[in-house]
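First the structure, in the form of structure tokens, and then the observations on it.
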Amino acid sequence: MSIGNRQAAPPGMAPGAAAVGGTGSGPPGPAERQTAVRLTGVSKRYGTGPRSVLALDQVSLTVGRGEFVCLIGASGCGKSTLLSLVAGLDWATAGDVTVGGRVAMMFQEPGLLPWLTAAGNVELALRARKVPREDRRRRTDELLKIVRLDGFGAKRPHELSGGMRQRVALARALAQDADVLLMDEPFGALDAMTRDLLHDELDRICTAQTLTVLFVTHNVREAVRLGDRVIVLSSRPGQVIDEYLVPDDGPRGINTPENAALAAAITERLREEMGRHGN
Amino acid sequence: MATERPRGGLADARALAGTDQALHGLDQLELEPAQSAGDPGRAARRAWAATWPKLLAIALVLAIWELVTLSGWKHYVLKGPSPVLSNLWGQLVHGQLWGIIGTTLQTAVVGYAVALVIGSVVGLLVARIPPLRAAVGSIITGLMTMPSVVWVPFAIVIFGESFQAILFVVILGAAPSIANGLITGVDYTPPLLLRAGKTMGLRGFALYRYLILPASLPAFVAGMKQGWAFAWRSLMAGEIVVQIIGQFSIGQALSVDQQNLDFTSVASIMIVILVIGIVVDTLFTKADLAIRRRRGLLDAAAA
């Protein structure tokens, strides 16, 4: 049952119910787990009047605590808008956004402060949380070790490679001690080799820390590689059109036949959706 | 549970160790190889490469000056470089030139310091408060375009021929550029950094203290540099016009020498003015380069 995990939940329907039946011995649905993020009928409109743009239309989804959910869709599906709403950087026009706990965010660009060292950038996040000075140094060292950058703390961002900068950004996000980590195409600007290695690293870190992650990407293989669940969004306006559970039995990675088949199915679904706009 | 990735097993652990090693290797490959520093010959060559064009330019100016003198143009007043330079040497060794320079630089430092405080405060307020920007923003730009000499009569009317009058002109010359530099810096704080700061939980004062103000530093230094240029011009304009008894300054010396039609003294003091301007400007340029190098905003070749 290569595509057996496909879940034909219509938008708005509580996801997860069909998945339990679909995978048999699979994971419990998010309904049985504590919810970390819940969006109910969320719409976002930019501007007013006839020239306004509907970025998100009645989007409902939940992310369970400790779950890694990937959002995928073509351009204009409002993925980044959705993350901004969850992060509290922007407000929904309609609907409810509930987030259980603090939120940290990572972007496609590392967004490091160029006048601070790698350690200084991580430490600033701790300072923003009012961590006492004596704990900051120690915690910074720990975080840099987690992202395998021990020994690079004194380097400035411009002295590091793209992959290393993104790992400093990850350490900074972890420093915020958030319950939910939002990632907006964090590896989109990296070369394929670096990205593969960072997938392994992120997987390791998430497993060790039991992080809840909402991860936006354009890359189907990345979504299947990292996610417990992949949510497909339509474009203009963004709506949830499909959800897929990633098979959980066996080593993770894109190279298993199940995951390859799943990636192919998701790609097919995305093409179908893009074709709708071509007519 | 979906949260627990099926990890474990020896093969998996080995794969993970391999990933770490690969990541470390990639890090090392991507970092720039260490530069072969500590070569004194290289430093000397670089210094020479930076110096000889300047020496050549000075030689060229002196040569043209000499030629004009030799041509006999305005021969009753115009003197060549050598009498002027020997006049300058004489004034430096046993004239009152050092005292004059001291008086002027003291005014410059006090005026510039006050301008720095006023410019920073006004700049920060204007950058933060939109109605204030609408009201004052264009006035600041307008002040910058105003020639500083026109403030001198105004200052004399208010303060009389006094130290305060000169200070007033210097402050009005420098403060708008400094304020403008800070406003530009705050305006051009990269939005991505602002987003990063806000998700980090930086708000209000902390956001300014740790993010916006440091991000504005390069533009602020550029404003300070421009402010210095304006302050120096305003100071000269003020000193030439405002005569303070018992306070002999560069501008006053210039004005006295002019009345005596003493070309060599006028020319040697103008050389002093030029050199001071260049030296201070070089300091600002150095500061600017240091900041940009720290932030990786310089080309490796240019650095």
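Labels used: A, B, ... for chains in the order of the structure tokens, numbers from 1 for residues in each chain, and numbers from 1 for ligands as shown.
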
Practice item. For range 134-151 of chain B, work out the shell of residues within 8 Å, counting only C-alpha atoms and skipping chain neighbours fewer than 2 positions away, then give it as an MDAnalysis selection string. Key: chainID B and resid 126 130:132 153:155 169 172:173 176:177 179:180 230 233:234 237:238

Could you save those same residues with C-alpha atoms as a PDB file, in the first residue's frame?
ATOM      1  CA  VAL B 126      12.189  61.870  14.326  1.00  0.00           C
ATOM      2  CA  PRO B 130       5.844  59.629  12.597  1.00  0.00           C
ATOM      3  CA  PRO B 131       4.104  63.014  13.160  1.00  0.00           C
ATOM      4  CA  LEU B 132       7.426  64.518  14.177  1.00  0.00           C
ATOM      5  CA  PRO B 153      25.006  87.264  10.604  1.00  0.00           C
ATOM      6  CA  PHE B 154      22.060  85.604  12.335  1.00  0.00           C
ATOM      7  CA  ALA B 155      24.344  84.259  15.066  1.00  0.00           C
ATOM      8  CA  VAL B 169      27.060  78.121  13.506  1.00  0.00           C
ATOM      9  CA  LEU B 172      23.747  74.121  12.999  1.00  0.00           C
ATOM     10  CA  GLY B 173      26.199  72.985  10.345  1.00  0.00           C
ATOM     11  CA  PRO B 176      21.359  68.036  10.601  1.00  0.00           C
ATOM     12  CA  SER B 177      23.766  65.651   8.829  1.00  0.00           C
ATOM     13  CA  ALA B 179      20.443  63.428  12.572  1.00  0.00           C
ATOM     14  CA  ASN B 180      19.867  62.534   8.964  1.00  0.00           C
ATOM     15  CA  PHE B 230      29.959  70.745   7.424  1.00  0.00           C
ATOM     16  CA  ARG B 233      33.315  74.674   6.897  1.00  0.00           C
ATOM     17  CA  SER B 234      30.956  76.413   9.300  1.00  0.00           C
ATOM     18  CA  ALA B 237      33.143  80.799   8.027  1.00  0.00           C
ATOM     19  CA  GLY B 238      32.379  81.761  11.618  1.00  0.00           C
TER      20      GLY B 238
END

Review point. Quick one: DSSP helix (DSSP H, G or I) residues in range 106-244 of chain A, as a VMD selection string?
Key: chain A and resid 118 to 128 133 to 146 157 to 159 162 to 175 192 to 209 220 to 226

Distance table requested - chain A against chain B, cut-off 6 Å, only C-alpha atoms: one row per qualifying residue with the closest atom pair and its distance in Å to one decimal, ordered by chain and rising residue number, as a Markdown table.
| residue | atom | partner | partner_atom | distance |
| --- | --- | --- | --- | --- |
| A:Pro27 | CA | B:Met1 | CA | 5.0 |
| A:Gly66 | CA | B:Thr3 | CA | 5.4 |
| A:Glu67 | CA | B:Thr3 | CA | 5.7 |
| A:Gly111 | CA | B:Leu193 | CA | 5.5 |
| A:Pro114 | CA | B:Arg295 | CA | 5.0 |
| A:Trp115 | CA | B:Arg295 | CA | 5.3 |
| A:Ala125 | CA | B:Met200 | CA | 5.7 |
| A:Ala128 | CA | B:Leu202 | CA | 5.7 |
| A:His158 | CA | B:Gly296 | CA | 5.2 |
| A:Ser161 | CA | B:Glu30 | CA | 5.8 |

Go ahead and save the residues from that selection, with C-alpha atoms, as an mmCIF file, in the first residue's frame.
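Writing the result to part-v4.cif gives the following:
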data_model
loop_
_atom_site.group_PDB
_atom_site.id
_atom_site.type_symbol
_atom_site.label_atom_id
_atom_site.label_comp_id
_atom_site.auth_asym_id
_atom_site.auth_seq_id
_atom_site.Cartn_x
_atom_site.Cartn_y
_atom_site.Cartn_z
ATOM 1 C CA PRO A 27 0.533 6.599 15.067
ATOM 2 C CA GLY A 66 5.905 16.828 19.144
ATOM 3 C CA GLU A 67 4.645 16.436 15.601
ATOM 4 C CA GLY A 111 18.721 36.693 9.382
ATOM 5 C CA PRO A 114 26.105 40.753 11.087
ATOM 6 C CA TRP A 115 27.777 42.769 13.858
ATOM 7 C CA ALA A 125 17.972 35.284 21.924
ATOM 8 C CA ALA A 128 15.679 38.603 25.007
ATOM 9 C CA HIS A 158 30.033 36.479 6.962
ATOM 10 C CA SER A 161 29.163 29.150 4.941
#

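Using only C-alpha atoms, the shortest contact distance between Val122 in chain A and any of A:Ala92, A:Leu182, A:Ala173, A:Ala55 is found at A:Ala173.
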
Review point. Using only C-alpha atoms, which residues sit within 9 Å of range 71-76 of chain A once same-chain residues fewer than 3 positions away are excluded, as a ChimeraX atom specification?
Key: /A:55,79,214-220,223,229-238,270-271,273-274
